[in-house]
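Okay, data20.txt is below, compact mmCIF, C-alpha atoms:
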```txt
# COMPACT_ATOMS: atom_id res chain seq x y z
CA MET A 42 0.00 0.00 0.00
CA PRO A 43 2.73 2.63 0.80
CA LYS A 44 4.29 2.11 -2.65
CA LYS A 45 0.94 2.76 -4.35
CA LYS A 46 0.50 5.99 -2.41
CA LYS A 47 3.94 7.25 -3.51
CA ALA A 48 3.14 6.41 -7.09
CA ALA A 49 -0.12 8.35 -6.81
CA LYS A 50 1.72 11.41 -5.54
CA LYS A 51 4.18 11.29 -8.43
CA ALA A 52 1.33 11.14 -10.90
CA VAL A 53 -0.16 14.29 -9.40
CA LYS A 54 3.14 16.13 -9.74
CA LYS A 55 3.47 15.19 -13.40
CA THR A 56 0.01 16.50 -14.24
CA ALA A 57 0.22 19.61 -12.09
CA LYS A 58 1.12 21.85 -15.03
CA LYS A 59 -1.61 20.48 -17.28
CA PRO A 60 -4.98 22.20 -17.69
CA ALA A 61 -7.47 21.62 -14.88
CA GLY A 62 -9.84 19.78 -17.20
CA LYS A 63 -7.35 17.01 -17.82
CA LYS A 64 -6.70 16.50 -14.10
CA VAL A 65 -10.40 16.10 -13.41
CA ALA A 66 -10.75 13.57 -16.21
CA LYS A 67 -8.02 11.35 -14.78
CA LYS A 68 -9.10 11.28 -11.14
CA PRO A 69 -11.98 8.79 -11.33
CA VAL A 70 -9.95 6.39 -13.47
CA LYS A 71 -7.20 5.50 -11.01
CA PRO A 72 -9.32 4.09 -8.14
CA ALA A 73 -11.19 1.92 -10.63
CA LYS A 74 -7.93 0.26 -11.66
CA LYS A 75 -7.01 -0.40 -8.04
CA ALA A 76 -10.41 -1.72 -6.99
CA PRO A 77 -9.94 -5.42 -7.89
CA THR A 78 -6.74 -5.71 -5.81
CA PHE A 79 -7.57 -3.13 -3.17
CA MET A 80 -10.18 -5.32 -1.51
CA PRO A 81 -8.81 -8.86 -1.00
CA LYS A 82 -11.25 -11.72 -0.62
CA PRO A 83 -11.34 -14.15 2.31
CA GLY A 84 -9.33 -17.32 1.71
CA LYS A 85 -8.56 -20.59 3.47
CA VAL A 86 -5.05 -19.92 4.78
CA GLY A 87 -3.06 -17.17 6.49
CA LYS A 88 -4.44 -13.67 6.97
CA ALA A 89 -6.95 -14.15 4.14
CA ALA A 90 -8.66 -16.87 6.19
CA ASP A 91 -9.22 -14.40 9.01
CA LEU A 92 -11.03 -11.60 7.15
CA ALA A 93 -14.55 -12.86 7.89
CA GLY A 94 -16.23 -15.45 10.05
CA PRO A 95 -15.87 -16.55 13.68
CA GLY A 96 -12.48 -18.24 13.29
CA VAL A 97 -13.73 -21.63 14.50
CA SER A 98 -14.71 -24.15 11.86
CA THR A 99 -14.83 -27.61 13.46
CA TYR A 100 -16.51 -29.08 16.51
CA GLU A 101 -13.21 -30.56 17.60
CA GLU A 102 -12.03 -26.95 18.01
CA VAL A 103 -15.23 -26.01 19.86
CA GLU A 104 -14.73 -28.86 22.33
CA LYS A 105 -11.18 -27.74 23.05
CA LEU A 106 -12.13 -24.12 23.70
CA LEU A 107 -15.04 -24.83 26.09
CA PRO A 108 -14.03 -24.58 29.76
CA VAL A 109 -13.30 -27.66 31.87
CA ASP A 110 -15.05 -28.13 35.24
CA TYR A 111 -17.63 -25.50 34.37
CA ARG A 112 -20.45 -24.85 36.82
CA PRO A 113 -23.01 -22.14 36.01
CA ILE A 114 -23.34 -19.57 38.80
CA LEU A 115 -27.06 -19.01 38.18
CA ASP A 116 -29.65 -21.71 37.52
CA ASN A 117 -32.02 -21.48 34.56
CA LYS A 118 -34.74 -19.57 36.39
CA GLU A 119 -32.31 -17.11 37.95
CA THR A 120 -30.67 -16.66 34.56
CA GLN A 121 -33.94 -15.57 32.97
CA ARG A 122 -34.67 -13.12 35.78
CA ALA A 123 -31.19 -11.62 35.54
CA LEU A 124 -31.35 -11.54 31.75
CA TYR A 125 -34.52 -9.46 31.63
CA ALA A 126 -33.31 -7.17 34.40
CA VAL A 127 -30.13 -6.46 32.42
CA LYS A 128 -32.21 -5.96 29.27
CA ARG A 129 -34.32 -3.26 30.94
CA TYR A 130 -31.24 -1.62 32.44
CA VAL A 131 -29.43 -1.41 29.11
CA GLU A 132 -32.44 -0.12 27.19
CA ASP A 133 -33.12 2.56 29.82
CA GLY A 134 -29.42 3.43 29.99
CA LEU A 135 -29.03 3.83 26.23
CA ALA A 136 -32.18 5.96 26.13
CA LYS A 137 -30.76 8.28 28.78
CA GLU A 138 -27.15 8.46 27.58
CA LEU A 139 -27.78 8.72 23.84
CA ASN A 140 -31.28 10.26 23.81
CA LEU A 141 -32.84 7.23 22.08
CA GLN A 142 -36.45 6.11 21.85
CA MET A 143 -37.44 2.44 21.50
CA VAL A 144 -39.25 1.77 18.21
CA GLN A 145 -40.57 -1.17 16.23
CA VAL A 146 -38.12 -2.82 13.81
CA PRO A 147 -38.76 -5.14 10.84
CA LEU A 148 -37.90 -8.82 10.70
CA ILE A 149 -38.65 -8.81 6.95
CA VAL A 150 -37.68 -6.32 4.23
CA GLU A 151 -38.16 -6.22 0.47
CA LYS A 152 -35.19 -7.62 -1.41
CA GLU A 153 -35.12 -4.80 -3.94
CA SER A 154 -34.99 -2.09 -1.25
CA GLY A 155 -31.28 -2.55 -0.52
CA LEU A 156 -32.11 -2.25 3.20
CA ASN A 157 -30.77 -5.64 4.26
CA ASP A 158 -27.33 -5.94 5.80
CA ASN A 159 -24.73 -7.71 3.63
CA LEU A 160 -22.45 -8.08 6.65
CA ASP A 161 -18.92 -8.73 5.39
CA ARG A 162 -19.37 -7.51 1.76
CA ASP A 163 -17.66 -10.60 0.27
CA GLY A 164 -20.95 -12.38 -0.49
CA SER A 165 -20.28 -15.28 1.89
CA ARG A 166 -23.30 -14.57 4.12
CA THR A 167 -26.54 -14.30 2.25
CA PRO A 168 -30.01 -13.59 3.68
CA ILE A 169 -32.99 -15.91 3.51
CA ASP A 170 -35.16 -15.03 0.50
CA PHE A 171 -38.80 -16.02 0.13
CA PRO A 172 -41.92 -14.92 -1.76
CA CYS A 173 -44.82 -13.65 0.35
CA GLY A 174 -48.33 -12.34 -0.16
CA LEU A 175 -50.91 -15.00 -0.94
CA GLY A 176 -53.19 -14.15 -3.85
CA ILE A 177 -51.10 -11.36 -5.37
CA SER A 178 -49.05 -11.47 -8.56
CA PRO A 179 -46.21 -11.01 -8.58
CA ARG A 180 -45.61 -11.94 -4.94
CA ILE A 181 -43.37 -9.75 -2.80
CA ASN A 182 -39.68 -10.69 -2.91
CA ALA A 183 -38.96 -10.70 0.83
CA GLN A 184 -35.86 -11.28 2.93
CA ILE A 185 -35.27 -12.02 6.61
CA VAL A 186 -33.04 -9.27 7.95
CA GLN A 187 -29.45 -10.08 8.91
CA ALA A 188 -29.39 -6.80 10.86
CA ALA A 189 -31.36 -3.55 10.82
CA THR A 190 -28.24 -1.50 10.14
CA LYS A 191 -29.42 0.32 7.02
CA TRP A 192 -33.12 0.34 7.87
CA LYS A 193 -32.41 2.39 11.00
CA ARG A 194 -30.93 5.30 9.12
CA TRP A 195 -34.02 5.52 6.94
CA ALA A 196 -36.19 5.08 10.07
CA LEU A 197 -34.71 8.23 11.62
CA LYS A 198 -36.57 10.14 8.91
CA GLN A 199 -39.70 8.02 9.29
CA TYR A 200 -39.88 8.76 13.01
CA GLY A 201 -39.04 12.45 12.59
CA CYS A 202 -35.81 12.45 14.58
CA THR A 203 -33.81 15.67 14.69
CA VAL A 204 -30.12 16.27 15.46
CA GLY A 205 -29.18 14.66 18.77
CA GLU A 206 -32.22 12.38 18.76
CA GLY A 207 -32.26 8.71 17.86
CA ILE A 208 -33.90 5.32 17.99
CA ASN A 209 -33.16 1.98 19.61
CA THR A 210 -34.61 -1.39 18.64
CA ASP A 211 -34.97 -4.86 20.09
CA MET A 212 -33.77 -6.40 16.83
CA ARG A 213 -34.07 -10.06 15.84
CA ALA A 214 -32.37 -11.50 12.76
CA VAL A 215 -31.31 -14.75 11.11
CA ARG A 216 -27.81 -15.39 9.81
CA LYS A 217 -27.92 -18.84 8.29
CA ASP A 218 -24.29 -18.88 7.13
CA TYR A 219 -22.60 -18.72 10.51
CA PHE A 220 -20.63 -21.67 11.85
CA LEU A 221 -22.48 -22.50 15.06
CA ASP A 222 -19.97 -22.43 17.91
CA HIS A 223 -19.90 -21.14 21.51
CA ASP A 224 -20.77 -17.50 20.72
CA HIS A 225 -22.20 -17.59 17.17
CA SER A 226 -25.70 -18.76 16.34
CA SER A 227 -28.06 -18.44 13.40
CA TYR A 228 -30.43 -16.49 15.65
CA VAL A 229 -29.26 -12.95 16.36
CA ASP A 230 -30.58 -10.53 18.97
CA GLN A 231 -29.19 -7.01 19.15
CA TRP A 232 -29.91 -3.57 20.43
CA ASP A 233 -29.70 -1.87 17.06
CA TRP A 234 -29.56 1.91 17.57
CA GLU A 235 -29.11 5.01 15.40
CA ARG A 236 -28.85 8.76 16.09
CA VAL A 237 -28.97 11.88 13.90
CA ILE A 238 -25.74 13.90 13.75
CA THR A 239 -24.36 16.95 11.95
CA ALA A 240 -21.53 17.12 9.41
CA GLU A 241 -19.37 18.68 12.16
CA ASP A 242 -19.88 15.58 14.32
CA ARG A 243 -18.12 13.37 11.77
CA ASN A 244 -14.81 13.07 13.64
CA LEU A 245 -12.97 10.75 16.00
CA GLU A 246 -13.64 12.74 19.16
CA PHE A 247 -17.40 12.57 18.62
CA LEU A 248 -17.16 8.84 17.89
CA LYS A 249 -15.21 8.27 21.10
CA MET A 250 -17.67 10.35 23.11
CA ILE A 251 -20.56 8.14 21.96
CA VAL A 252 -18.58 4.95 22.59
CA ARG A 253 -17.76 6.06 26.15
CA LYS A 254 -21.46 6.62 26.84
CA ILE A 255 -22.24 3.09 25.64
CA TRP A 256 -19.41 1.67 27.72
CA LYS A 257 -20.80 3.45 30.79
CA VAL A 258 -24.11 1.63 30.25
CA ILE A 259 -22.39 -1.75 29.80
CA THR A 260 -20.26 -1.48 32.94
CA GLY A 261 -23.24 -0.12 34.84
CA ALA A 262 -25.25 -3.18 33.80
CA GLU A 263 -22.53 -5.42 35.22
CA ASP A 264 -22.65 -3.63 38.59
CA PHE A 265 -26.45 -3.71 38.53
CA VAL A 266 -26.81 -7.46 37.96
CA GLN A 267 -24.17 -8.17 40.62
CA GLN A 268 -26.31 -6.29 43.12
CA MET A 269 -29.15 -8.66 42.23
CA TYR A 270 -26.92 -11.74 42.38
CA PRO A 271 -23.74 -11.01 44.40
CA GLN A 272 -22.38 -14.48 43.54
CA LEU A 273 -21.71 -13.20 40.02
CA LYS A 274 -18.88 -11.09 41.47
CA ASP A 275 -16.43 -13.97 41.29
CA PRO A 276 -12.63 -13.42 41.60
CA ARG A 277 -12.12 -15.91 38.75
CA TYR A 278 -13.88 -13.48 36.40
CA PRO A 279 -12.71 -9.89 36.99
CA ASN A 280 -15.16 -7.11 36.24
CA LEU A 281 -14.84 -4.96 33.16
CA PRO A 282 -12.59 -1.91 33.56
CA LYS A 283 -14.45 1.38 33.93
CA GLU A 284 -12.29 2.97 31.23
CA LEU A 285 -12.32 1.65 27.67
CA THR A 286 -9.07 1.82 25.69
CA PHE A 287 -9.11 3.19 22.14
CA ILE A 288 -6.67 1.88 19.55
CA HIS A 289 -6.54 2.07 15.76
CA ALA A 290 -6.40 -1.03 13.57
CA GLU A 291 -3.20 0.37 12.04
CA GLU A 292 -1.56 0.55 15.49
CA ILE A 293 -2.45 -3.07 16.28
CA LEU A 294 -0.91 -4.20 12.99
CA GLU A 295 2.27 -2.27 13.81
CA ARG A 296 2.55 -4.18 17.09
CA TYR A 297 1.86 -7.61 15.60
CA PRO A 298 2.62 -7.39 11.85
CA ASP A 299 2.87 -11.14 11.27
CA LEU A 300 -0.31 -12.23 13.07
CA PRO A 301 -3.75 -12.62 11.47
CA ARG A 302 -6.55 -10.41 12.74
CA LYS A 303 -8.08 -12.56 15.49
CA GLN A 304 -4.67 -13.41 16.92
CA ARG A 305 -3.81 -9.70 16.92
CA GLU A 306 -7.02 -8.99 18.83
CA THR A 307 -6.23 -11.73 21.33
CA ARG A 308 -2.75 -10.35 21.92
CA ILE A 309 -3.90 -6.74 22.29
CA LEU A 310 -6.51 -7.78 24.89
CA ASN A 311 -3.86 -9.66 26.88
CA ASP A 312 -0.88 -7.34 26.41
CA TYR A 313 -2.52 -3.91 26.28
CA SER A 314 -6.00 -3.78 27.82
CA PRO A 315 -8.82 -6.30 28.55
CA ALA A 316 -11.35 -3.93 26.93
CA VAL A 317 -10.68 -2.04 23.71
CA PHE A 318 -12.44 -0.14 20.96
CA ILE A 319 -10.66 -0.87 17.68
CA ILE A 320 -11.03 2.07 15.30
CA GLY A 321 -10.96 1.84 11.52
CA ILE A 322 -12.31 -1.53 10.44
CA GLY A 323 -12.61 -1.99 6.68
CA TRP A 324 -9.75 0.10 5.29
CA VAL A 325 -6.91 -1.93 3.78
CA LEU A 326 -3.86 -1.76 6.05
CA LYS A 327 -0.15 -1.81 5.21
CA ASP A 328 -0.04 -5.61 4.97
CA GLY A 329 -2.56 -5.50 2.12
CA TYR A 330 -5.56 -6.67 4.16
CA PRO A 331 -8.32 -4.84 6.06
CA HIS A 332 -8.51 -5.56 9.77
CA GLU A 333 -11.81 -7.22 8.94
CA MET A 334 -14.19 -7.15 6.00
CA ARG A 335 -16.91 -4.56 6.56
CA ALA A 336 -19.88 -3.76 4.32
CA ALA A 337 -19.35 -0.72 2.10
CA ASP A 338 -22.71 1.00 2.52
CA TYR A 339 -23.14 1.94 6.17
CA ASP A 340 -20.03 2.49 8.35
CA ASP A 341 -17.48 5.02 7.09
CA TRP A 342 -14.14 3.21 7.00
CA VAL A 343 -12.53 5.24 4.22
CA THR A 344 -12.26 8.74 5.74
CA ASP A 345 -8.67 9.87 6.35
CA THR A 346 -8.25 10.67 10.08
CA SER A 347 -4.50 11.38 9.99
CA LYS A 348 -5.01 15.07 10.85
CA GLU A 349 -6.61 14.01 14.14
CA THR A 350 -4.13 11.25 15.00
CA GLY A 351 -0.87 12.41 13.42
CA LYS A 352 -0.57 8.92 11.93
CA ASP A 353 -1.65 7.14 8.75
CA THR A 354 -5.16 6.23 9.97
CA HIS A 355 -8.54 5.82 8.32
CA GLY A 356 -12.10 5.17 9.39
CA LEU A 357 -14.83 6.50 11.68
CA ASN A 358 -16.06 3.13 12.91
CA GLY A 359 -15.00 0.33 15.21
CA ASP A 360 -15.74 -2.62 17.48
CA ILE A 361 -15.84 -3.06 21.25
CA LEU A 362 -13.91 -6.19 22.21
CA VAL A 363 -13.24 -7.55 25.68
CA TRP A 364 -11.36 -10.46 27.17
CA ASN A 365 -13.76 -13.14 28.42
CA HIS A 366 -12.13 -14.59 31.53
CA LEU A 367 -14.45 -17.62 31.52
CA THR A 368 -13.96 -18.75 27.93
CA LYS A 369 -10.44 -17.27 27.84
CA ARG A 370 -11.12 -15.82 24.42
CA ARG A 371 -11.68 -12.49 22.70
CA HIS A 372 -15.33 -11.48 22.95
CA GLU A 373 -16.97 -8.93 20.65
CA LEU A 374 -19.80 -6.92 22.19
CA SER A 375 -20.57 -4.18 19.70
CA SER A 376 -19.91 -2.95 16.18
CA MET A 377 -20.70 0.67 15.34
CA GLY A 378 -19.68 3.76 13.46
CA ILE A 379 -20.37 7.12 11.91
CA ARG A 380 -22.28 6.40 8.71
CA VAL A 381 -21.23 7.15 5.15
CA THR A 382 -21.91 10.39 3.33
CA LYS A 383 -22.80 10.28 -0.35
CA GLU A 384 -19.12 10.92 -1.15
CA THR A 385 -17.73 8.17 1.07
CA LEU A 386 -20.49 5.77 0.04
CA ARG A 387 -19.46 6.11 -3.60
CA LYS A 388 -15.79 5.72 -2.75
CA GLN A 389 -16.33 2.61 -0.62
CA LEU A 390 -18.58 0.98 -3.20
CA GLU A 391 -15.98 1.76 -5.86
CA LEU A 392 -13.19 0.21 -3.82
CA SER A 393 -15.38 -2.82 -3.17
CA GLY A 394 -16.40 -3.23 -6.81
CA GLN A 395 -20.06 -2.67 -5.92
CA LEU A 396 -20.99 0.57 -7.67
CA ASP A 397 -24.05 -1.16 -9.11
CA ARG A 398 -25.65 -0.84 -5.64
CA LEU A 399 -26.07 2.88 -6.19
CA SER A 400 -29.22 2.05 -8.15
CA LEU A 401 -30.94 0.57 -5.06
CA PRO A 402 -33.53 2.71 -3.23
CA TYR A 403 -31.57 2.92 0.04
CA HIS A 404 -28.40 4.01 -1.69
CA ARG A 405 -30.26 6.54 -3.82
CA MET A 406 -31.67 8.11 -0.65
CA ILE A 407 -28.13 8.70 0.61
CA MET A 408 -26.94 10.06 -2.74
CA ASN A 409 -29.94 12.42 -2.90
CA ASP A 410 -29.56 13.63 0.73
CA GLU A 411 -33.02 12.26 1.58
CA ILE A 412 -32.01 10.67 4.88
CA PRO A 413 -30.00 12.28 7.69
CA LEU A 414 -26.36 11.92 8.57
CA SER A 415 -26.10 9.50 11.47
CA ILE A 416 -24.09 7.36 13.82
CA GLY A 417 -25.27 3.92 14.85
CA GLY A 418 -24.42 0.40 15.82
CA GLY A 419 -25.46 -2.90 17.25
CA ILE A 420 -24.87 -4.33 20.73
CA GLY A 421 -25.20 -8.09 20.93
CA GLN A 422 -27.77 -8.96 23.56
CA GLY A 423 -26.83 -12.63 23.84
CA ARG A 424 -23.13 -11.78 23.79
CA LEU A 425 -23.48 -9.24 26.61
CA GLN A 426 -25.75 -11.49 28.70
CA MET A 427 -23.31 -14.37 28.24
CA LEU A 428 -20.48 -12.21 29.53
CA LEU A 429 -22.25 -10.54 32.46
CA LEU A 430 -23.99 -13.71 33.69
CA ARG A 431 -20.74 -15.70 33.45
CA LYS A 432 -21.98 -18.24 30.92
CA ALA A 433 -19.76 -20.51 28.82
CA HIS A 434 -22.09 -20.70 25.81
CA ILE A 435 -24.46 -18.24 24.17
CA GLY A 436 -27.07 -21.01 24.06
CA GLU A 437 -27.45 -20.62 27.83
CA VAL A 438 -29.05 -17.19 27.33
CA THR A 439 -30.75 -17.52 23.91
CA VAL A 440 -33.01 -20.19 22.42
CA THR A 441 -32.26 -21.40 18.90
CA VAL A 442 -31.23 -24.49 16.93
CA TRP A 443 -27.90 -26.23 17.44
CA PRO A 444 -26.42 -29.33 15.79
CA LYS A 445 -26.54 -32.63 17.64
CA GLN A 446 -22.77 -32.78 18.05
CA LEU A 447 -22.71 -29.40 19.77
CA HIS A 448 -25.41 -30.49 22.23
CA GLU A 449 -23.35 -33.60 23.02
CA ILE A 450 -20.17 -31.58 23.51
CA CYS A 451 -21.93 -29.09 25.80
CA GLU A 452 -23.42 -31.87 27.93
CA LYS A 453 -19.94 -33.29 28.49
CA HIS A 454 -18.83 -29.85 29.70
CA ASN A 455 -21.84 -29.42 32.02
CA ILE A 456 -23.26 -26.66 29.81
CA PHE A 457 -27.05 -26.55 29.64
CA VAL A 458 -28.03 -25.21 26.21
CA LEU A 459 -31.62 -23.96 26.11
CA LYS A 460 -34.02 -25.70 23.71
```
Write the structure described by the file as structure tokens, please.
Amino acid sequence: MPKKKKAAKKAVKKTAKKPAGKKVAKKPVKPAKKAPTFMPKPGKVGKAADLAGPGVSTYEEVEKLLPVDYRPILDNKETQRALYAVKRYVEDGLAKELNLQMVQVPLIVEKESGLNDNLDRDGSRTPIDFPCGLGISPRINAQIVQAATKWKRWALKQYGCTVGEGINTDMRAVRKDYFLDHDHSSYVDQWDWERVITAEDRNLEFLKMIVRKIWKVITGAEDFVQQMYPQLKDPRYPNLPKELTFIHAEEILERYPDLPRKQRETRILNDYSPAVFIIGIGWVLKDGYPHEMRAADYDDWVTDTSKETGKDTHGLNGDILVWNHLTKRRHELSSMGIRVTKETLRKQLELSGQLDRLSLPYHRMIMNDEIPLSIGGGIGQGRLQMLLLRKAHIGEVTVTVWPKQLHEICEKHNIFVLK
């Protein structure tokens, strides 16, 4: 990547003396040539194998990572009581800290709307399509949502939100292409939230301010549930730190240049801080790979933030990751970011080779300035409950389908997966 940047600068110098019209004509051509190689695709080995997906792909691996001599602290009934208490606390906390209102959210969207979430942008995780509407022709081409990420931005307009106001949802989704392990399931429950911002808010300090407010709610929820059930305050599982550490994806790569993404995250959580917000997920780093694949049409991962950091950094998005002392693994709680403008949407779609998406209704609304600038994200309900209630498997706090071999493995580890 550095070599390409130098070459680009030389090209600018050569054309500096030419008429302005010629410079304008050349600008859109160069990114198009880079696009096929700029965005690498996930592979089966090395860093390419770590661009998307949970990182676990066999049940032999799952069995090895599950804790030995596990005993749940809360029984099933206590777990449900604690779960709903935490749910109310988080929803009330987000409403207060971010000025959000709970609203209804769709489980189904029209395929042609462009509102569904494509997740990792490489096409490996596709939504469930089905026709609906008995007695009509043609029937509606419907999809089960994989997340409400894009719908929320449009919903800000639908619900009449103004700057500083936002919405929160109790979102349910289906992701059929996940490998089903200890913290990934086909059933997804999230607090999907979105808030209207101004153009001046599109900077790192504003992003960090919002993240700190969310972190305050998360750590407050941990204290709250431990007041209900003091036995959850167990020295084996230290509480979350009150301060969240911010670090850029580029900085993590500098520390561990030879490690793939998930191993870098594991090391940073052990060597640096047990709770981090990784900034800039989606932009291709100096090793030729993005920290992780990220869809091109919601989070802004292309904006140059070097003026704010004094380093070669990009992106106004990120993930909250913590160290799970029970599973002894990295544990993602939230993904969020400042959303694309019409300029950064076009650039990200171009770099991803997806400019054809600009014809979809959702994308046209952004290009035509019909929906507000926003910041938003998703907080995994099952993931957070699993962490705060000291559970070894997400199936202890959510009900969904699991393969027979996983049930058998969990039983051997004294893990009661809900059915």
Which residues of range 298-376 of chain A come within 10 Å of range 244-260 of chain A, and what is each one's closest atom pair and distance in Å (one decimal), counting only C-alpha atoms, sorted by chain and residue number, as JSON lines?
```
{"residue": "A:Ala316", "atom": "CA", "partner": "A:Trp256", "partner_atom": "CA", "distance": 9.8}
{"residue": "A:Phe318", "atom": "CA", "partner": "A:Val252", "partner_atom": "CA", "distance": 8.1}
{"residue": "A:Ile320", "atom": "CA", "partner": "A:Leu245", "partner_atom": "CA", "distance": 8.9}
{"residue": "A:Thr344", "atom": "CA", "partner": "A:Asn244", "partner_atom": "CA", "distance": 9.4}
{"residue": "A:Thr346", "atom": "CA", "partner": "A:Leu245", "partner_atom": "CA", "distance": 7.6}
{"residue": "A:Glu349", "atom": "CA", "partner": "A:Leu245", "partner_atom": "CA", "distance": 7.4}
{"residue": "A:Thr350", "atom": "CA", "partner": "A:Leu245", "partner_atom": "CA", "distance": 8.9}
{"residue": "A:Gly356", "atom": "CA", "partner": "A:Leu245", "partner_atom": "CA", "distance": 8.7}
{"residue": "A:Leu357", "atom": "CA", "partner": "A:Leu245", "partner_atom": "CA", "distance": 6.3}
{"residue": "A:Asn358", "atom": "CA", "partner": "A:Leu248", "partner_atom": "CA", "distance": 7.7}
{"residue": "A:Gly359", "atom": "CA", "partner": "A:Leu248", "partner_atom": "CA", "distance": 9.2}
{"residue": "A:Asp360", "atom": "CA", "partner": "A:Val252", "partner_atom": "CA", "distance": 9.6}
{"residue": "A:Ile361", "atom": "CA", "partner": "A:Val252", "partner_atom": "CA", "distance": 8.6}
{"residue": "A:Leu374", "atom": "CA", "partner": "A:Ile259", "partner_atom": "CA", "distance": 9.6}
{"residue": "A:Ser375", "atom": "CA", "partner": "A:Ile255", "partner_atom": "CA", "distance": 9.5}
```
task = Select, counting only C-alpha atoms, all protein, DNA and RNA residues no farther than 7 Å from (-27.9, -1.3, 1.4) in file coordinates, and express the selection as a list in words.
result =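 Checking each residue against the 7 Å limit leaves Gly155, Leu156, Asn157, Asp158, Lys191, Asp338, Tyr403 and His404 of chain A.
One distance worth recording is that between CA of Pro331 in chain A and CA of Lys303 in chain A, which is 12.2 Å.
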inquiry  = Under the rule that all atoms listed in the file are counted, which of A:Arg371, A:Leu326, A:Gly351, A:Lys193 is the nearest residue to Arg305 in chain A?
reply    = A:Arg371
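Taking CA of Leu447 in chain A and CA of Arg216 in chain A as the two end points, the separation is 17.9 Å.
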